[in-house]
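Student: Please find one structure pasted underneath; my questions will follow.
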Amino acid sequence: MEPLLFYSTNLQAEKVTFREALLKGIAPDRGLFMPEEIPVFTQDEISAFSKKKYYEIAYEVARKFLRGQIPDADLIAITKDAYDYAVPLEKVYERKYVMRLDQGPTASFKDFAARMMGRLMQYYLKQEKRELLILTATSGDTGSAIANAFYGLDNIKCVVLFPEKEVTDRQRKQMTTLGKNVQILGLDAKFDDCQFLVKKAFADSDLDYLNLSSANSINIGRIIPQIIYYFYAYARLCHKPGEKIIFSVPSGNFGDMIGGMFAWRMGLPVEKFVIACNENDEFPVLLQTGKYHKIVPSRNCLSSAMNVGHPSNLARLVALYDGVMDETGVISKAPDMARMRKDIFAFSISDEETKEMIARAYKDHKLLLEPHGSVGWFGLEKYLLSDNAHINSDQVCVSLETAHPAKFPQQIQEILKIDPALPHSLLGLEEKEESYDVIKNDYQAFKDYLVRNYK
Ligand SMILES: *Cc1c(COP(=O)(O)O)cnc(C)c1O
């Protein structure tokens with residue numbers, strides 16, 4: 001079969017195969033890679049998912065995009081190795097559920113994407129007998145998900161920069177207790193400074209020989225794995241022919257929700273997507289007014305992983321609705337706003353509401369939410385109460401919980417006066433030995449470090 005090709009949302013770059021899109025990350029014209037065509041499942045194929053395990057559904061989804069470029073036996077080995085943990089669907093009331101995407105190694109939904117992306121990269125690199133050095137800057141959670149996902153893989157080394165004074169002890173320990181092919185670098189600086197050094201290294205041709213690559217949320221290799229859990233939730237919860245589902249997704253850079261929108265275009269019977277944002281409301285405003293204004297600087301909210309004033313995956317959503325948005329947020333061709341409004345309900349949730357919902361969900365339903373999941377659950381409630389929803393009690397709704405409550409002990413303690421139990425993956429972290437290097441916040445120092453340690 002002809003391979004599926006990936007175009008750039010900026011429309012100025014050549015189309016590439018999945019392998020190239022995965023290893024490059026960003027298109028040469030600075031756009032995001034998108035599949036030229038979205039593969040579809042028949043309703044019979046989707047029904048058959050109800051009998052499959054998570055990793056088997058993962059295999060079916062990936063296979064549609066890969067069209068045989070990775071042999072089936074290798075692909076299923078990849079998904080089986082990536083997804084060796086549970087995906088709980090917790091019933092809250094009637095047929096309203098919370099999907100807990102927090103059972104991976106760092107108790108964050110980012111594990112889902114990072115683990116599969118790492119294994120796909122490893123597959124291609126081994127074949128080509130090539131090595132890659134992943135550079136990534138983190139404000140806490142992304143770095144630990146990447147470090148854990150790439151830990152122990154062959155042909156890939158990984159350097160994570162983090163602002164020493166801006167991450168929690170637990171966030172730091174999730175990265176610094178690994179070792180092997182994962183090197184952690186602390187800077188006495190801000191996250192933006194770490195990001196700056198990484199970007200500068202990518203642009204430095206002296207370092208070309210290191211085969212640098214990023215693992216950030218715009219890589220198409222992180223989007224495809226985020227399609228899978230939407231199919232999984234539907235397969236586990238919906239059994240009537242043609243039954244439709246509603247999802248609510250707490251959103252920041254929109255990688256998670258783009259996965260859901262892809263699932264819908266692939267044939268998943270969806271009634272509505274609720275996009276729940278914190279006080280960074282640029283998308284709810286865009287949906288309402290058709291006008292886009294980035295929020296600079298982004299607003300600091302409790303759901304810190306969603307403090308995004310210009311979602312890096314928004315250009316993909318615009319492309320799905322036949323528009324064109326460049327990486328700076330300029331729209332040169334308007335998307336089909338009428339259709340977008342029909343499909344999506346977007347809402348901005350304040351910090352006050354986020355706290356209120358953590359308290360209320362626990363009181364009313366014994367539902368334990370952390371700030372991100374609280375934004376999602378509140379968004380769902382807002383939608384169900386909105387004028388045009390007309391939802392009956394039989395409607396299946398799933399709100400995504402993107403991190404484990406134990407990752408936010410202070411907030412939970414303050415609001416609920418309880419200490420959430422640590423998930424299995426975070427137990428024993430306190431006792432593990434840490435190791436990381438510290439460098440000056442200076443590009444030359446960073447470059448020297450890379451040259452000295454990687455050749
Ligand atoms: C990254 C993150 C999000 C936001 O996901 P996007 O794909 O960027 O929209 C939400 N919750 C948590 C806990 C996260 O780490």
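Here's how to read the names in the structure tokens: chain A, B, ... by the order shown, residue numbers from 1 in each chain, ligand numbers from 1 in the order shown.
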Give me the residues near stretch 23-34 of chain A as number ranges by chain, where near means some atom within 10 Å (using only C-alpha atoms) and where sequence neighbours in that chain fewer than 3 positions away do not count.
Tutor: A: 5-20, 37-38, 117, 120-121, 124-125, 132, 211-223, 312-316, 319-320, 325-328
Student: Compile the contact shell of A:His293 as a ChimeraX atom specification: residues with an atom at most 9 Å away, counting only C-alpha atoms, same-chain residues fewer than 4 positions apart removed.
Tutor: /A:282-283,285-286,309-310,329
Student: Enumerate, in order of chain and increasing residue number, the residues of chain A with an atom no farther than 6 Å from ligand 1, each with its shortest atom pair and distance in Å to one decimal, counting only C-alpha atoms and all ligand atoms, as a Markdown table.
Tutor:
```
| residue | atom | partner | partner_atom_place_in_ligand_line | distance |
| --- | --- | --- | --- | --- |
| A:Ser108 | CA | ligand 1 | 13 (C) | 5.7 |
| A:Pro250 | CA | ligand 1 | 10 (C) | 5.6 |
| A:Ser251 | CA | ligand 1 | 9 (O) | 3.6 |
| A:Gly252 | CA | ligand 1 | 9 (O) | 3.6 |
| A:Asn253 | CA | ligand 1 | 8 (O) | 3.4 |
| A:Phe254 | CA | ligand 1 | 9 (O) | 3.5 |
| A:Gly255 | CA | ligand 1 | 7 (O) | 3.5 |
| A:Asp256 | CA | ligand 1 | 7 (O) | 3.8 |
| A:Ala305 | CA | ligand 1 | 2 (C) | 4.7 |
| A:Met306 | CA | ligand 1 | 4 (C) | 5.1 |
| A:His372 | CA | ligand 1 | 11 (N) | 5.1 |
| A:Thr402 | CA | ligand 1 | 13 (C) | 4.5 |
| A:Ala403 | CA | ligand 1 | 13 (C) | 4.4 |
```
Student: Can you spit out the residues from that selection as a PDB file, in the first residue's frame, using N, CA, C and O atoms?
Tutor:
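Dumped to out.pdb:
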```pdb
ATOM      1  N   SER A 108       0.723  10.808  34.856  1.00  0.00           N
ATOM      2  CA  SER A 108       0.175  11.890  34.042  1.00  0.00           C
ATOM      3  C   SER A 108      -0.240  11.320  32.688  1.00  0.00           C
ATOM      4  O   SER A 108       0.345  10.348  32.204  1.00  0.00           O
ATOM      5  N   PRO A 250      -9.850  18.551  29.525  1.00  0.00           N
ATOM      6  CA  PRO A 250      -9.155  19.723  30.066  1.00  0.00           C
ATOM      7  C   PRO A 250      -7.959  20.034  29.177  1.00  0.00           C
ATOM      8  O   PRO A 250      -7.114  19.166  28.953  1.00  0.00           O
ATOM      9  N   SER A 251      -7.892  21.269  28.662  1.00  0.00           N
ATOM     10  CA  SER A 251      -6.967  21.517  27.552  1.00  0.00           C
ATOM     11  C   SER A 251      -6.015  22.682  27.783  1.00  0.00           C
ATOM     12  O   SER A 251      -6.388  23.699  28.366  1.00  0.00           O
ATOM     13  N   GLY A 252      -4.783  22.501  27.295  1.00  0.00           N
ATOM     14  CA  GLY A 252      -3.764  23.545  27.357  1.00  0.00           C
ATOM     15  C   GLY A 252      -3.175  23.768  25.979  1.00  0.00           C
ATOM     16  O   GLY A 252      -3.517  24.716  25.279  1.00  0.00           O
ATOM     17  N   ASN A 253      -2.309  22.856  25.554  1.00  0.00           N
ATOM     18  CA  ASN A 253      -1.734  22.953  24.216  1.00  0.00           C
ATOM     19  C   ASN A 253      -2.557  22.205  23.159  1.00  0.00           C
ATOM     20  O   ASN A 253      -2.170  22.123  21.997  1.00  0.00           O
ATOM     21  N   PHE A 254      -3.669  21.633  23.561  1.00  0.00           N
ATOM     22  CA  PHE A 254      -4.651  21.010  22.662  1.00  0.00           C
ATOM     23  C   PHE A 254      -4.190  19.732  21.974  1.00  0.00           C
ATOM     24  O   PHE A 254      -4.797  19.295  21.001  1.00  0.00           O
ATOM     25  N   GLY A 255      -3.137  19.105  22.487  1.00  0.00           N
ATOM     26  CA  GLY A 255      -2.723  17.834  21.905  1.00  0.00           C
ATOM     27  C   GLY A 255      -3.726  16.740  22.233  1.00  0.00           C
ATOM     28  O   GLY A 255      -4.093  15.930  21.380  1.00  0.00           O
ATOM     29  N   ASP A 256      -4.194  16.753  23.478  1.00  0.00           N
ATOM     30  CA  ASP A 256      -5.144  15.763  23.936  1.00  0.00           C
ATOM     31  C   ASP A 256      -6.444  15.855  23.126  1.00  0.00           C
ATOM     32  O   ASP A 256      -6.932  14.860  22.579  1.00  0.00           O
ATOM     33  N   ALA A 305      -0.474  22.933  34.187  1.00  0.00           N
ATOM     34  CA  ALA A 305      -0.065  22.356  32.902  1.00  0.00           C
ATOM     35  C   ALA A 305      -0.926  22.895  31.751  1.00  0.00           C
ATOM     36  O   ALA A 305      -0.673  22.599  30.591  1.00  0.00           O
ATOM     37  N   MET A 306      -1.947  23.670  32.098  1.00  0.00           N
ATOM     38  CA  MET A 306      -2.819  24.245  31.069  1.00  0.00           C
ATOM     39  C   MET A 306      -2.670  25.756  30.988  1.00  0.00           C
ATOM     40  O   MET A 306      -3.512  26.429  30.400  1.00  0.00           O
ATOM     41  N   HIS A 372      -6.606  19.856  37.125  1.00  0.00           N
ATOM     42  CA  HIS A 372      -6.861  19.732  35.683  1.00  0.00           C
ATOM     43  C   HIS A 372      -8.153  18.968  35.417  1.00  0.00           C
ATOM     44  O   HIS A 372      -8.989  19.386  34.629  1.00  0.00           O
ATOM     45  N   THR A 402      -6.409  14.001  33.863  1.00  0.00           N
ATOM     46  CA  THR A 402      -5.115  13.925  33.184  1.00  0.00           C
ATOM     47  C   THR A 402      -3.921  13.744  34.118  1.00  0.00           C
ATOM     48  O   THR A 402      -2.788  13.607  33.656  1.00  0.00           O
ATOM     49  N   ALA A 403      -4.152  13.809  35.424  1.00  0.00           N
ATOM     50  CA  ALA A 403      -3.050  13.568  36.371  1.00  0.00           C
ATOM     51  C   ALA A 403      -3.621  12.932  37.625  1.00  0.00           C
ATOM     52  O   ALA A 403      -4.828  13.005  37.886  1.00  0.00           O
TER      53      ALA A 403
END
```
Student: Using Å and a single decimal, report how far atom CA of A:Leu89 sits from atom CA of A:Ser393.
Tutor: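 Separation of atom CA of A:Ser393 and atom CA of A:Leu89: 17.9 Å.
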Student: Enumerate the residues of stretch 180-403 of chain A with a DSSP assignment of strand (DSSP E or B), computed from the backbone, and present them as a PyMOL selection string.
Tutor: chain A and resi 182-187+212-213+245-250+270-277+324-325+331-333+344-348+396-401+403
Student: Can you work out the spacing between atom CA of A:Leu178 and atom CA of A:Lys190 in Å, to one decimal?
Tutor: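 Distance between the two atoms: 23.0 Å.
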Student: Residues at most 9 Å from A:Gly143, counting only C-alpha atoms, excluding those fewer than 4 positions away in the same chain, as a PyMOL selection string?
Tutor: chain A and resi 136-139+147-148+160-162+171+175
Student: For all heavy atoms, I'd like the residues from the last selection saved as a short mmCIF file (atom, residue, chain, number, x, y, z; two decimals), in the first residue's frame.
Tutor:
```
data_model
loop_
_atom_site.label_atom_id
_atom_site.label_comp_id
_atom_site.auth_asym_id
_atom_site.auth_seq_id
_atom_site.Cartn_x
_atom_site.Cartn_y
_atom_site.Cartn_z
N THR A 136 15.10 18.34 25.71
CA THR A 136 13.80 18.90 26.07
C THR A 136 13.91 19.74 27.34
O THR A 136 14.70 19.46 28.22
CB THR A 136 12.73 17.78 26.16
OG1 THR A 136 11.45 18.37 26.29
CG2 THR A 136 12.95 16.86 27.33
N ALA A 137 13.15 20.81 27.36
CA ALA A 137 13.10 21.67 28.54
C ALA A 137 11.77 21.43 29.23
O ALA A 137 10.77 21.18 28.56
CB ALA A 137 13.20 23.14 28.13
N THR A 138 11.77 21.49 30.54
CA THR A 138 10.52 21.19 31.23
C THR A 138 10.28 22.15 32.38
O THR A 138 11.21 22.63 33.02
CB THR A 138 10.53 19.75 31.77
OG1 THR A 138 9.25 19.45 32.29
CG2 THR A 138 11.56 19.55 32.87
N SER A 139 9.00 22.41 32.64
CA SER A 139 8.66 23.16 33.84
C SER A 139 8.24 22.17 34.92
O SER A 139 7.76 22.55 35.97
CB SER A 139 7.54 24.14 33.54
OG SER A 139 6.46 23.47 32.94
N ALA A 147 11.38 11.74 30.14
CA ALA A 147 12.53 11.02 30.70
C ALA A 147 12.15 9.57 31.03
O ALA A 147 12.88 8.64 30.71
CB ALA A 147 13.04 11.73 31.95
N ASN A 148 10.99 9.38 31.63
CA ASN A 148 10.56 8.03 31.97
C ASN A 148 10.21 7.21 30.74
O ASN A 148 10.46 6.00 30.69
CB ASN A 148 9.35 8.07 32.92
CG ASN A 148 9.78 8.28 34.35
OD1 ASN A 148 10.04 7.32 35.07
ND2 ASN A 148 9.90 9.53 34.76
N VAL A 160 17.34 16.41 29.66
CA VAL A 160 16.21 17.24 30.11
C VAL A 160 16.73 18.41 30.93
O VAL A 160 17.43 18.22 31.92
CB VAL A 160 15.22 16.42 30.97
CG1 VAL A 160 14.02 17.27 31.37
CG2 VAL A 160 14.76 15.16 30.23
N LEU A 161 16.39 19.62 30.52
CA LEU A 161 16.76 20.82 31.28
C LEU A 161 15.59 21.26 32.14
O LEU A 161 14.45 21.33 31.66
CB LEU A 161 17.10 21.97 30.32
CG LEU A 161 18.52 22.08 29.82
CD1 LEU A 161 18.80 20.93 28.87
CD2 LEU A 161 18.73 23.40 29.12
N PHE A 162 15.89 21.57 33.38
CA PHE A 162 14.78 22.06 34.23
C PHE A 162 15.25 23.21 35.12
O PHE A 162 16.42 23.28 35.49
CB PHE A 162 14.20 20.90 35.05
CG PHE A 162 15.04 20.50 36.24
CD1 PHE A 162 14.70 20.95 37.52
CD2 PHE A 162 16.15 19.70 36.10
CE1 PHE A 162 15.46 20.58 38.63
CE2 PHE A 162 16.92 19.33 37.20
CZ PHE A 162 16.59 19.77 38.46
N GLN A 171 8.56 16.29 41.50
CA GLN A 171 8.78 16.41 40.05
C GLN A 171 10.25 16.16 39.72
O GLN A 171 10.58 15.47 38.75
CB GLN A 171 8.36 17.80 39.56
CG GLN A 171 6.86 17.95 39.42
CD GLN A 171 6.46 19.36 39.04
OE1 GLN A 171 7.11 20.33 39.44
NE2 GLN A 171 5.39 19.49 38.28
N MET A 175 12.60 12.61 37.68
CA MET A 175 13.56 12.65 36.57
C MET A 175 14.95 12.21 37.02
O MET A 175 15.65 11.50 36.31
CB MET A 175 13.67 14.08 36.02
CG MET A 175 12.36 14.69 35.62
SD MET A 175 12.57 16.30 34.80
CE MET A 175 12.73 17.42 36.19
#
```
Student: Which residues are near A:Ile76? Cut-off 10 Å, only C-alpha atoms, ignore same chain within fewer than 5 positions. Put them as number ranges by chain.
Tutor: A: 55-60, 62-63, 70-71, 81-82
Student: Do you have, as a Markdown table, the list of residues of stretch 61-114 of chain A lying at most 12 Å from stretch 238-244 of chain A, each with its nearest atom pair and that distance in Å to one decimal, counting only C-alpha atoms and ordered by chain then number?
Tutor:
```
| residue | atom | partner | partner_atom | distance |
| --- | --- | --- | --- | --- |
| A:Arg95 | CA | A:Cys238 | CA | 9.8 |
| A:Lys96 | CA | A:Cys238 | CA | 11.7 |
| A:Tyr97 | CA | A:Cys238 | CA | 11.9 |
```
Student: Of the candidates A:Asp437, A:Asp448, A:Asp343, A:Glu430, which shows the shortest atom-to-atom distance to A:Asp188, using only C-alpha atoms?
Tutor: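 Closest to A:Asp188, using only C-alpha atoms: A:Asp437.
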Student: Tell me, in Å to one decimal, how far atom CA of A:Glu131 is from atom CA of A:Gln69.
Tutor: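 Interatomic distance here is 20.1 Å.
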